[in-house]
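Coordinates as given in protein-v7.txt (compact mmCIF, N, CA and C atoms):
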# COMPACT_ATOMS: atom_id res chain seq x y z
N MET A 1 42.88 -26.81 -7.52
CA MET A 1 43.46 -25.56 -7.98
C MET A 1 42.65 -24.43 -7.38
N ASP A 2 43.25 -23.70 -6.44
CA ASP A 2 42.53 -22.62 -5.79
C ASP A 2 42.95 -21.25 -6.28
N ASP A 3 44.22 -20.94 -6.19
CA ASP A 3 44.69 -19.62 -6.60
C ASP A 3 45.35 -19.69 -7.97
N VAL A 4 45.11 -18.67 -8.74
CA VAL A 4 45.70 -18.56 -10.06
C VAL A 4 46.66 -17.39 -10.03
N SER A 5 47.86 -17.61 -10.51
CA SER A 5 48.85 -16.55 -10.52
C SER A 5 49.33 -16.32 -11.95
N ILE A 6 48.82 -15.25 -12.53
CA ILE A 6 49.17 -14.88 -13.90
C ILE A 6 49.63 -13.43 -13.88
N ASN A 7 50.66 -13.13 -14.62
CA ASN A 7 51.13 -11.77 -14.74
C ASN A 7 50.35 -11.09 -15.87
N LEU A 8 49.25 -10.42 -15.51
CA LEU A 8 48.39 -9.77 -16.50
C LEU A 8 48.91 -8.37 -16.81
N LEU A 9 49.08 -8.10 -18.08
CA LEU A 9 49.55 -6.78 -18.52
C LEU A 9 48.57 -6.21 -19.53
N PRO A 10 47.97 -5.06 -19.24
CA PRO A 10 46.99 -4.47 -20.15
C PRO A 10 47.53 -4.23 -21.56
N GLU A 11 48.82 -3.96 -21.69
CA GLU A 11 49.38 -3.71 -23.02
C GLU A 11 49.49 -4.99 -23.86
N LYS A 12 49.33 -6.15 -23.24
CA LYS A 12 49.39 -7.42 -23.98
C LYS A 12 48.05 -7.79 -24.61
N GLY A 13 47.04 -6.98 -24.39
CA GLY A 13 45.73 -7.26 -24.97
C GLY A 13 44.68 -7.44 -23.90
N PRO A 14 43.47 -7.85 -24.31
CA PRO A 14 42.37 -8.01 -23.35
C PRO A 14 42.74 -8.99 -22.24
N LEU A 15 42.34 -8.66 -21.03
CA LEU A 15 42.66 -9.50 -19.88
C LEU A 15 42.05 -10.89 -20.00
N PHE A 16 40.79 -10.96 -20.48
CA PHE A 16 40.16 -12.27 -20.60
C PHE A 16 40.93 -13.16 -21.55
N HIS A 17 41.52 -12.58 -22.58
CA HIS A 17 42.27 -13.37 -23.55
C HIS A 17 43.58 -13.88 -22.95
N GLN A 18 44.21 -13.09 -22.09
CA GLN A 18 45.43 -13.53 -21.42
C GLN A 18 45.13 -14.67 -20.45
N ILE A 19 44.01 -14.57 -19.74
CA ILE A 19 43.61 -15.64 -18.82
C ILE A 19 43.25 -16.89 -19.61
N TYR A 20 42.54 -16.70 -20.71
CA TYR A 20 42.18 -17.82 -21.58
C TYR A 20 43.43 -18.54 -22.08
N ASP A 21 44.41 -17.78 -22.57
CA ASP A 21 45.66 -18.38 -23.06
C ASP A 21 46.36 -19.17 -21.96
N TYR A 22 46.34 -18.64 -20.75
CA TYR A 22 46.97 -19.33 -19.62
C TYR A 22 46.31 -20.69 -19.38
N PHE A 23 44.98 -20.68 -19.24
CA PHE A 23 44.27 -21.94 -18.98
C PHE A 23 44.40 -22.91 -20.15
N LYS A 24 44.32 -22.40 -21.36
CA LYS A 24 44.44 -23.25 -22.54
C LYS A 24 45.79 -23.97 -22.56
N GLU A 25 46.86 -23.23 -22.28
CA GLU A 25 48.20 -23.84 -22.27
C GLU A 25 48.36 -24.82 -21.11
N GLU A 26 47.75 -24.51 -19.97
CA GLU A 26 47.80 -25.43 -18.83
C GLU A 26 47.08 -26.74 -19.16
N ILE A 27 45.97 -26.64 -19.85
CA ILE A 27 45.20 -27.84 -20.21
C ILE A 27 45.93 -28.62 -21.30
N ARG A 28 46.36 -27.94 -22.34
CA ARG A 28 47.04 -28.63 -23.44
C ARG A 28 48.37 -29.22 -23.01
N GLY A 29 49.05 -28.57 -22.06
CA GLY A 29 50.33 -29.07 -21.56
C GLY A 29 50.17 -30.12 -20.48
N LYS A 30 48.91 -30.53 -20.21
CA LYS A 30 48.59 -31.56 -19.22
C LYS A 30 48.96 -31.16 -17.79
N ARG A 31 49.17 -29.87 -17.56
CA ARG A 31 49.43 -29.40 -16.19
C ARG A 31 48.13 -29.30 -15.41
N LEU A 32 47.02 -29.18 -16.13
CA LEU A 32 45.69 -29.29 -15.55
C LEU A 32 45.12 -30.62 -16.06
N ALA A 33 45.07 -31.59 -15.18
CA ALA A 33 44.65 -32.94 -15.56
C ALA A 33 43.16 -32.99 -15.86
N PRO A 34 42.76 -33.90 -16.73
CA PRO A 34 41.32 -34.08 -17.00
C PRO A 34 40.59 -34.38 -15.69
N GLY A 35 39.44 -33.76 -15.53
CA GLY A 35 38.65 -33.94 -14.32
C GLY A 35 38.94 -32.90 -13.26
N THR A 36 39.99 -32.11 -13.44
CA THR A 36 40.33 -31.06 -12.48
C THR A 36 39.33 -29.91 -12.61
N TYR A 37 38.87 -29.42 -11.48
CA TYR A 37 37.95 -28.28 -11.49
C TYR A 37 38.75 -26.98 -11.52
N LEU A 38 38.30 -26.06 -12.35
CA LEU A 38 38.89 -24.74 -12.39
C LEU A 38 38.44 -23.98 -11.15
N PRO A 39 39.18 -22.95 -10.76
CA PRO A 39 38.76 -22.17 -9.59
C PRO A 39 37.37 -21.56 -9.80
N VAL A 40 36.65 -21.43 -8.72
CA VAL A 40 35.35 -20.78 -8.78
C VAL A 40 35.55 -19.36 -9.32
N ILE A 41 34.60 -18.90 -10.08
CA ILE A 41 34.74 -17.61 -10.76
C ILE A 41 35.09 -16.48 -9.78
N ARG A 42 34.43 -16.42 -8.66
CA ARG A 42 34.69 -15.35 -7.69
C ARG A 42 36.11 -15.42 -7.14
N LYS A 43 36.55 -16.63 -6.79
CA LYS A 43 37.91 -16.78 -6.24
C LYS A 43 38.96 -16.44 -7.29
N CYS A 44 38.73 -16.90 -8.50
CA CYS A 44 39.68 -16.62 -9.58
C CYS A 44 39.75 -15.12 -9.84
N ALA A 45 38.61 -14.47 -9.88
CA ALA A 45 38.58 -13.02 -10.11
C ALA A 45 39.29 -12.28 -8.98
N ARG A 46 39.07 -12.74 -7.75
CA ARG A 46 39.71 -12.09 -6.61
C ARG A 46 41.22 -12.26 -6.65
N SER A 47 41.70 -13.47 -6.96
CA SER A 47 43.14 -13.71 -6.96
C SER A 47 43.84 -13.00 -8.12
N LEU A 48 43.13 -12.79 -9.23
CA LEU A 48 43.72 -12.09 -10.38
C LEU A 48 43.45 -10.59 -10.36
N LYS A 49 42.61 -10.16 -9.41
CA LYS A 49 42.25 -8.74 -9.30
C LYS A 49 41.58 -8.22 -10.58
N VAL A 50 40.64 -9.03 -11.07
CA VAL A 50 39.84 -8.65 -12.24
C VAL A 50 38.37 -8.83 -11.88
N SER A 51 37.48 -8.40 -12.74
CA SER A 51 36.06 -8.55 -12.48
C SER A 51 35.61 -10.00 -12.72
N LYS A 52 34.47 -10.32 -12.12
CA LYS A 52 33.90 -11.66 -12.34
C LYS A 52 33.55 -11.86 -13.81
N ASN A 53 33.10 -10.79 -14.46
CA ASN A 53 32.73 -10.88 -15.88
C ASN A 53 33.93 -11.31 -16.73
N THR A 54 35.11 -10.81 -16.40
CA THR A 54 36.31 -11.16 -17.16
C THR A 54 36.58 -12.66 -17.07
N VAL A 55 36.47 -13.20 -15.87
CA VAL A 55 36.70 -14.64 -15.68
C VAL A 55 35.58 -15.44 -16.32
N GLU A 56 34.35 -14.97 -16.19
CA GLU A 56 33.22 -15.69 -16.77
C GLU A 56 33.34 -15.76 -18.30
N ILE A 57 33.76 -14.68 -18.92
CA ILE A 57 33.97 -14.67 -20.38
C ILE A 57 35.05 -15.69 -20.75
N THR A 58 36.10 -15.73 -19.96
CA THR A 58 37.18 -16.69 -20.19
C THR A 58 36.67 -18.11 -20.14
N TYR A 59 35.91 -18.43 -19.10
CA TYR A 59 35.38 -19.79 -18.93
C TYR A 59 34.42 -20.15 -20.06
N GLN A 60 33.59 -19.18 -20.48
CA GLN A 60 32.66 -19.46 -21.57
C GLN A 60 33.40 -19.72 -22.88
N LEU A 61 34.49 -19.03 -23.08
CA LEU A 61 35.30 -19.26 -24.28
C LEU A 61 35.94 -20.64 -24.24
N LEU A 62 36.48 -21.02 -23.08
CA LEU A 62 37.07 -22.36 -22.93
C LEU A 62 36.00 -23.43 -23.11
N LEU A 63 34.81 -23.16 -22.61
CA LEU A 63 33.69 -24.09 -22.75
C LEU A 63 33.28 -24.26 -24.20
N SER A 64 33.19 -23.15 -24.92
CA SER A 64 32.75 -23.20 -26.31
C SER A 64 33.78 -23.89 -27.21
N GLU A 65 35.03 -23.88 -26.79
CA GLU A 65 36.07 -24.50 -27.61
C GLU A 65 36.41 -25.92 -27.19
N GLY A 66 35.68 -26.44 -26.21
CA GLY A 66 35.83 -27.84 -25.87
C GLY A 66 36.94 -28.19 -24.90
N TYR A 67 37.42 -27.22 -24.15
CA TYR A 67 38.47 -27.49 -23.15
C TYR A 67 37.89 -27.89 -21.80
N ILE A 68 36.74 -27.32 -21.47
CA ILE A 68 36.13 -27.59 -20.17
C ILE A 68 34.65 -27.88 -20.35
N GLU A 69 34.04 -28.37 -19.28
CA GLU A 69 32.60 -28.57 -19.27
C GLU A 69 32.03 -27.94 -18.01
N SER A 70 30.78 -27.56 -18.06
CA SER A 70 30.12 -26.95 -16.92
C SER A 70 29.33 -28.02 -16.19
N ILE A 71 29.59 -28.16 -14.91
CA ILE A 71 28.85 -29.10 -14.07
C ILE A 71 27.96 -28.26 -13.15
N PRO A 72 26.63 -28.35 -13.29
CA PRO A 72 25.74 -27.52 -12.47
C PRO A 72 26.04 -27.68 -10.98
N ARG A 73 26.09 -26.55 -10.30
CA ARG A 73 26.34 -26.44 -8.86
C ARG A 73 27.69 -26.99 -8.42
N ARG A 74 28.57 -27.27 -9.35
CA ARG A 74 29.91 -27.76 -9.00
C ARG A 74 31.00 -26.87 -9.57
N GLY A 75 30.82 -26.40 -10.80
CA GLY A 75 31.82 -25.54 -11.41
C GLY A 75 32.20 -26.01 -12.80
N TYR A 76 33.38 -25.63 -13.20
CA TYR A 76 33.90 -25.96 -14.53
C TYR A 76 35.03 -26.97 -14.38
N ARG A 77 34.96 -28.03 -15.18
CA ARG A 77 35.91 -29.13 -15.09
C ARG A 77 36.58 -29.35 -16.42
N VAL A 78 37.88 -29.67 -16.37
CA VAL A 78 38.65 -29.94 -17.58
C VAL A 78 38.14 -31.25 -18.18
N LEU A 79 37.90 -31.23 -19.47
CA LEU A 79 37.41 -32.43 -20.17
C LEU A 79 38.51 -33.45 -20.37
N LYS A 80 38.11 -34.71 -20.44
CA LYS A 80 39.08 -35.79 -20.67
C LYS A 80 39.67 -35.69 -22.07
N THR A 81 38.88 -35.24 -23.00
CA THR A 81 39.35 -35.10 -24.39
C THR A 81 39.53 -33.64 -24.73
N ALA A 82 40.13 -32.90 -23.83
CA ALA A 82 40.29 -31.46 -24.02
C ALA A 82 41.40 -31.16 -25.01
N THR A 83 41.03 -31.13 -26.26
CA THR A 83 42.02 -30.83 -27.30
C THR A 83 41.81 -29.45 -27.86
N GLY A 84 40.60 -28.94 -27.70
CA GLY A 84 40.29 -27.65 -28.28
C GLY A 84 39.95 -27.75 -29.75
N ASP A 85 40.02 -28.96 -30.31
CA ASP A 85 39.67 -29.14 -31.71
C ASP A 85 38.16 -29.13 -31.84
N ARG A 86 37.70 -28.36 -32.75
CA ARG A 86 36.26 -28.32 -32.98
C ARG A 86 35.88 -29.45 -33.93
N PRO A 87 34.68 -29.98 -33.77
CA PRO A 87 34.26 -31.03 -34.69
C PRO A 87 34.16 -30.49 -36.11
N ALA A 88 34.45 -31.35 -37.04
CA ALA A 88 34.41 -30.94 -38.45
C ALA A 88 32.98 -30.59 -38.83
N ALA A 89 32.83 -29.52 -39.57
CA ALA A 89 31.51 -29.11 -40.01
C ALA A 89 31.01 -30.04 -41.09
N SER A 90 29.71 -30.25 -41.12
CA SER A 90 29.14 -31.10 -42.16
C SER A 90 29.24 -30.36 -43.48
N PRO A 91 29.49 -31.09 -44.55
CA PRO A 91 29.64 -30.42 -45.85
C PRO A 91 28.34 -29.78 -46.30
N LEU A 92 28.47 -28.66 -46.98
CA LEU A 92 27.29 -27.98 -47.50
C LEU A 92 26.77 -28.74 -48.71
N PRO A 93 25.46 -28.73 -48.90
CA PRO A 93 24.92 -29.41 -50.08
C PRO A 93 25.35 -28.70 -51.36
N ASP A 94 25.44 -29.46 -52.42
CA ASP A 94 25.82 -28.91 -53.71
C ASP A 94 24.74 -27.94 -54.18
N LYS A 95 25.16 -26.79 -54.71
CA LYS A 95 24.21 -25.78 -55.14
C LYS A 95 23.31 -26.29 -56.27
N ASN A 96 23.84 -27.18 -57.08
CA ASN A 96 23.08 -27.68 -58.21
C ASN A 96 22.15 -28.84 -57.84
N GLU A 97 22.31 -29.36 -56.63
CA GLU A 97 21.49 -30.50 -56.18
C GLU A 97 20.07 -30.01 -55.88
N ARG A 98 19.10 -30.72 -56.39
CA ARG A 98 17.70 -30.34 -56.16
C ARG A 98 17.20 -30.98 -54.87
N HIS A 99 16.29 -30.27 -54.21
CA HIS A 99 15.68 -30.80 -53.00
C HIS A 99 14.70 -31.90 -53.38
N THR A 100 14.77 -33.02 -52.67
CA THR A 100 13.83 -34.11 -52.94
C THR A 100 12.51 -33.87 -52.22
N ASN A 101 12.55 -33.16 -51.09
CA ASN A 101 11.33 -32.87 -50.36
C ASN A 101 10.82 -31.49 -50.79
N PRO A 102 9.55 -31.40 -51.10
CA PRO A 102 9.02 -30.09 -51.50
C PRO A 102 8.99 -29.14 -50.30
N ILE A 103 9.21 -27.88 -50.55
CA ILE A 103 9.16 -26.88 -49.48
C ILE A 103 7.70 -26.53 -49.23
N LEU A 104 7.25 -26.75 -47.99
CA LEU A 104 5.86 -26.50 -47.66
C LEU A 104 5.60 -25.05 -47.27
N TYR A 105 6.55 -24.42 -46.59
CA TYR A 105 6.36 -23.06 -46.12
C TYR A 105 7.58 -22.22 -46.50
N ASP A 106 7.30 -21.03 -46.97
CA ASP A 106 8.36 -20.12 -47.36
C ASP A 106 8.38 -18.98 -46.34
N PHE A 107 9.41 -18.96 -45.48
CA PHE A 107 9.49 -17.97 -44.42
C PHE A 107 10.38 -16.78 -44.76
N ARG A 108 10.76 -16.65 -46.00
CA ARG A 108 11.59 -15.51 -46.37
C ARG A 108 10.81 -14.22 -46.19
N TYR A 109 11.54 -13.17 -45.86
CA TYR A 109 10.93 -11.87 -45.63
C TYR A 109 10.22 -11.39 -46.90
N GLY A 110 8.99 -10.96 -46.72
CA GLY A 110 8.23 -10.41 -47.83
C GLY A 110 7.61 -11.44 -48.75
N SER A 111 7.74 -12.73 -48.42
CA SER A 111 7.21 -13.75 -49.32
C SER A 111 5.79 -14.16 -48.97
N GLY A 112 5.32 -13.78 -47.78
CA GLY A 112 3.98 -14.17 -47.37
C GLY A 112 2.91 -13.28 -47.99
N ARG A 113 1.74 -13.87 -48.18
CA ARG A 113 0.63 -13.10 -48.72
C ARG A 113 -0.33 -12.80 -47.58
N LEU A 114 -0.82 -11.60 -47.52
CA LEU A 114 -1.72 -11.17 -46.46
C LEU A 114 -3.02 -11.98 -46.49
N THR A 115 -3.42 -12.42 -47.65
CA THR A 115 -4.67 -13.18 -47.78
C THR A 115 -4.55 -14.58 -47.17
N ASP A 116 -3.33 -15.05 -46.97
CA ASP A 116 -3.14 -16.38 -46.39
C ASP A 116 -3.20 -16.38 -44.86
N PHE A 117 -3.15 -15.21 -44.24
CA PHE A 117 -3.12 -15.14 -42.78
C PHE A 117 -4.52 -15.42 -42.21
N PRO A 118 -4.63 -16.25 -41.19
CA PRO A 118 -5.94 -16.61 -40.63
C PRO A 118 -6.46 -15.55 -39.66
N PHE A 119 -6.89 -14.39 -40.18
CA PHE A 119 -7.37 -13.31 -39.34
C PHE A 119 -8.59 -13.72 -38.53
N VAL A 120 -9.40 -14.61 -39.02
CA VAL A 120 -10.62 -15.04 -38.32
C VAL A 120 -10.27 -15.64 -36.97
N TYR A 121 -9.26 -16.48 -36.93
CA TYR A 121 -8.87 -17.12 -35.68
C TYR A 121 -8.18 -16.16 -34.73
N TRP A 122 -7.42 -15.23 -35.26
CA TRP A 122 -6.69 -14.29 -34.42
C TRP A 122 -7.59 -13.22 -33.85
N SER A 123 -8.67 -12.90 -34.50
CA SER A 123 -9.56 -11.86 -34.00
C SER A 123 -10.68 -12.44 -33.12
N LYS A 124 -10.74 -13.74 -33.02
CA LYS A 124 -11.76 -14.40 -32.20
C LYS A 124 -11.50 -14.10 -30.72
N GLN A 125 -12.53 -13.71 -30.02
CA GLN A 125 -12.40 -13.43 -28.60
C GLN A 125 -13.27 -14.40 -27.83
N GLU A 126 -12.71 -14.91 -26.77
CA GLU A 126 -13.49 -15.87 -25.97
C GLU A 126 -13.93 -15.28 -24.68

Could I get this file's structure written as structure tokens?
Amino acid sequence: MDDVSINLLPEKGPLFHQIYDYFKEEIRGKRLAPGTYLPVIRKCARSLKVSKNTVEITYQLLLSEGYIESIPRRGYRVLKTATGDRPAASPLPDKNERHTNPILYDFRYGSGRLTDFPFVYWSKQE
């Protein structure tokens, strides 16, 4: 896939979102087969007459949603399991459930005591 031909209209919303929708539908509709490399960012930007940043944002969005993968020094490739479904989040612990492991350090803002800080070691000069 070298050239991309999309009818981009500014009144339809952000350009990156229109490009994203195009690639997403191509992938979900199996018109872009798994293992197919997307156009290089520069070529895609040139053929669509948009900035490289617009295409890069599009690719990062597709990457974050599981449609493509980044192959170093090769480009972006459609995943074999490109469904766009995000993995289910792990359930949150019950609020009433007690922690079995004691909390050793409390990093909340304002919870530290100045007397606990090891000033001796920090002021040591070698």

* **Two-atom distance - atom C of Leu32 in chain A, atom N of Leu79 in chain A (Å)** =>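 Atom C of Leu32 in chain A sits 8.0 Å away from atom N of Leu79 in chain A.
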
* Among listed residues A:Val120, A:Leu61, A:Ile27, A:Leu48, nearest Ile6 in chain A (using all atoms listed in the file) -> A:Leu48

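Atom pair CA of Leu63 in chain A / CA of Pro39 in chain A has a distance of 14.2 Å (rounded to one decimal).
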
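In this model, the gap between CA of Glu56 in chain A and CA of Leu38 in chain A comes to 11.5 Å.
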
* To do: Taking the chain letters and numbering used in this document, name the residues of range 36-71 of chain A that DSSP puts in strand (DSSP E), as a ChimeraX atom specification.
  => /A:68-71

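If only C-alpha atoms are the atoms counted, then among A:Gln60, A:Thr115, A:Asn101, A:Thr81 the closest residue to Ile41 in chain A is A:Gln60.
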
* Do a neighbour search on Ile68 in chain A at 7 Å with all atoms listed in the file, toss out local chain neighbours closer than 3 positions, and write the hits as a VMD selection string. => chain A and resid 62 to 65 76 to 79 82

* Mind checking which residues fall within 8 Å of Thr54 in chain A, counting all atoms listed in the file, ignoring those fewer than 6 positions away in the same chain, and posting them as a ChimeraX atom specification? => /A:15-17,19,45,60

* Looking only at the backbone, which of the residues in chain A does DSSP tag as helix (DSSP H, G or I), as number ranges by chain? -> A: 10-12, 15-28, 41-48, 52-64, 114-116, 119-122

Using only N, CA and C atoms, please write the residues we just selected to a file, as a tab-separated table (two decimals), in the frame of the given file.
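The resulting part-v2.tsv:
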chain	number	residue	atom	x	y	z
A	10	PRO	N	47.97	-5.06	-19.24
A	10	PRO	CA	46.99	-4.47	-20.15
A	10	PRO	C	47.53	-4.23	-21.56
A	11	GLU	N	48.82	-3.96	-21.69
A	11	GLU	CA	49.38	-3.71	-23.02
A	11	GLU	C	49.49	-4.99	-23.86
A	12	LYS	N	49.33	-6.15	-23.24
A	12	LYS	CA	49.39	-7.42	-23.98
A	12	LYS	C	48.05	-7.79	-24.61
A	15	LEU	N	42.34	-8.66	-21.03
A	15	LEU	CA	42.66	-9.50	-19.88
A	15	LEU	C	42.05	-10.89	-20.00
A	16	PHE	N	40.79	-10.96	-20.48
A	16	PHE	CA	40.16	-12.27	-20.60
A	16	PHE	C	40.93	-13.16	-21.55
A	17	HIS	N	41.52	-12.58	-22.58
A	17	HIS	CA	42.27	-13.37	-23.55
A	17	HIS	C	43.58	-13.88	-22.95
A	18	GLN	N	44.21	-13.09	-22.09
A	18	GLN	CA	45.43	-13.53	-21.42
A	18	GLN	C	45.13	-14.67	-20.45
A	19	ILE	N	44.01	-14.57	-19.74
A	19	ILE	CA	43.61	-15.64	-18.82
A	19	ILE	C	43.25	-16.89	-19.61
A	20	TYR	N	42.54	-16.70	-20.71
A	20	TYR	CA	42.18	-17.82	-21.58
A	20	TYR	C	43.43	-18.54	-22.08
A	21	ASP	N	44.41	-17.78	-22.57
A	21	ASP	CA	45.66	-18.38	-23.06
A	21	ASP	C	46.36	-19.17	-21.96
A	22	TYR	N	46.34	-18.64	-20.75
A	22	TYR	CA	46.97	-19.33	-19.62
A	22	TYR	C	46.31	-20.69	-19.38
A	23	PHE	N	44.98	-20.68	-19.24
A	23	PHE	CA	44.27	-21.94	-18.98
A	23	PHE	C	44.40	-22.91	-20.15
A	24	LYS	N	44.32	-22.40	-21.36
A	24	LYS	CA	44.44	-23.25	-22.54
A	24	LYS	C	45.79	-23.97	-22.56
A	25	GLU	N	46.86	-23.23	-22.28
A	25	GLU	CA	48.20	-23.84	-22.27
A	25	GLU	C	48.36	-24.82	-21.11
A	26	GLU	N	47.75	-24.51	-19.97
A	26	GLU	CA	47.80	-25.43	-18.83
A	26	GLU	C	47.08	-26.74	-19.16
A	27	ILE	N	45.97	-26.64	-19.85
A	27	ILE	CA	45.20	-27.84	-20.21
A	27	ILE	C	45.93	-28.62	-21.30
A	28	ARG	N	46.36	-27.94	-22.34
A	28	ARG	CA	47.04	-28.63	-23.44
A	28	ARG	C	48.37	-29.22	-23.01
A	41	ILE	N	34.60	-18.90	-10.08
A	41	ILE	CA	34.74	-17.61	-10.76
A	41	ILE	C	35.09	-16.48	-9.78
A	42	ARG	N	34.43	-16.42	-8.66
A	42	ARG	CA	34.69	-15.35	-7.69
A	42	ARG	C	36.11	-15.42	-7.14
A	43	LYS	N	36.55	-16.63	-6.79
A	43	LYS	CA	37.91	-16.78	-6.24
A	43	LYS	C	38.96	-16.44	-7.29
A	44	CYS	N	38.73	-16.90	-8.50
A	44	CYS	CA	39.68	-16.62	-9.58
A	44	CYS	C	39.75	-15.12	-9.84
A	45	ALA	N	38.61	-14.47	-9.88
A	45	ALA	CA	38.58	-13.02	-10.11
A	45	ALA	C	39.29	-12.28	-8.98
A	46	ARG	N	39.07	-12.74	-7.75
A	46	ARG	CA	39.71	-12.09	-6.61
A	46	ARG	C	41.22	-12.26	-6.65
A	47	SER	N	41.70	-13.47	-6.96
A	47	SER	CA	43.14	-13.71	-6.96
A	47	SER	C	43.84	-13.00	-8.12
A	48	LEU	N	43.13	-12.79	-9.23
A	48	LEU	CA	43.72	-12.09	-10.38
A	48	LEU	C	43.45	-10.59	-10.36
A	52	LYS	N	34.47	-10.32	-12.12
A	52	LYS	CA	33.90	-11.66	-12.34
A	52	LYS	C	33.55	-11.86	-13.81
A	53	ASN	N	33.10	-10.79	-14.46
A	53	ASN	CA	32.73	-10.88	-15.88
A	53	ASN	C	33.93	-11.31	-16.73
A	54	THR	N	35.11	-10.81	-16.40
A	54	THR	CA	36.31	-11.16	-17.16
A	54	THR	C	36.58	-12.66	-17.07
A	55	VAL	N	36.47	-13.20	-15.87
A	55	VAL	CA	36.70	-14.64	-15.68
A	55	VAL	C	35.58	-15.44	-16.32
A	56	GLU	N	34.35	-14.97	-16.19
A	56	GLU	CA	33.22	-15.69	-16.77
A	56	GLU	C	33.34	-15.76	-18.30
A	57	ILE	N	33.76	-14.68	-18.92
A	57	ILE	CA	33.97	-14.67	-20.38
A	57	ILE	C	35.05	-15.69	-20.75
A	58	THR	N	36.10	-15.73	-19.96
A	58	THR	CA	37.18	-16.69	-20.19
A	58	THR	C	36.67	-18.11	-20.14
A	59	TYR	N	35.91	-18.43	-19.10
A	59	TYR	CA	35.38	-19.79	-18.93
A	59	TYR	C	34.42	-20.15	-20.06
A	60	GLN	N	33.59	-19.18	-20.48
A	60	GLN	CA	32.66	-19.46	-21.57
A	60	GLN	C	33.40	-19.72	-22.88
A	61	LEU	N	34.49	-19.03	-23.08
A	61	LEU	CA	35.30	-19.26	-24.28
A	61	LEU	C	35.94	-20.64	-24.24
A	62	LEU	N	36.48	-21.02	-23.08
A	62	LEU	CA	37.07	-22.36	-22.93
A	62	LEU	C	36.00	-23.43	-23.11
A	63	LEU	N	34.81	-23.16	-22.61
A	63	LEU	CA	33.69	-24.09	-22.75
A	63	LEU	C	33.28	-24.26	-24.20
A	64	SER	N	33.19	-23.15	-24.92
A	64	SER	CA	32.75	-23.20	-26.31
A	64	SER	C	33.78	-23.89	-27.21
A	114	LEU	N	-0.82	-11.60	-47.52
A	114	LEU	CA	-1.72	-11.17	-46.46
A	114	LEU	C	-3.02	-11.98	-46.49
A	115	THR	N	-3.42	-12.42	-47.65
A	115	THR	CA	-4.67	-13.18	-47.78
A	115	THR	C	-4.55	-14.58	-47.17
A	116	ASP	N	-3.33	-15.05	-46.97
A	116	ASP	CA	-3.14	-16.38	-46.39
A	116	ASP	C	-3.20	-16.38	-44.86
A	119	PHE	N	-6.89	-14.39	-40.18
A	119	PHE	CA	-7.37	-13.31	-39.34
A	119	PHE	C	-8.59	-13.72	-38.53
A	120	VAL	N	-9.40	-14.61	-39.02
A	120	VAL	CA	-10.62	-15.04	-38.32
A	120	VAL	C	-10.27	-15.64	-36.97
A	121	TYR	N	-9.26	-16.48	-36.93
A	121	TYR	CA	-8.87	-17.12	-35.68
A	121	TYR	C	-8.18	-16.16	-34.73
A	122	TRP	N	-7.42	-15.23	-35.26
A	122	TRP	CA	-6.69	-14.29	-34.42
A	122	TRP	C	-7.59	-13.22	-33.85
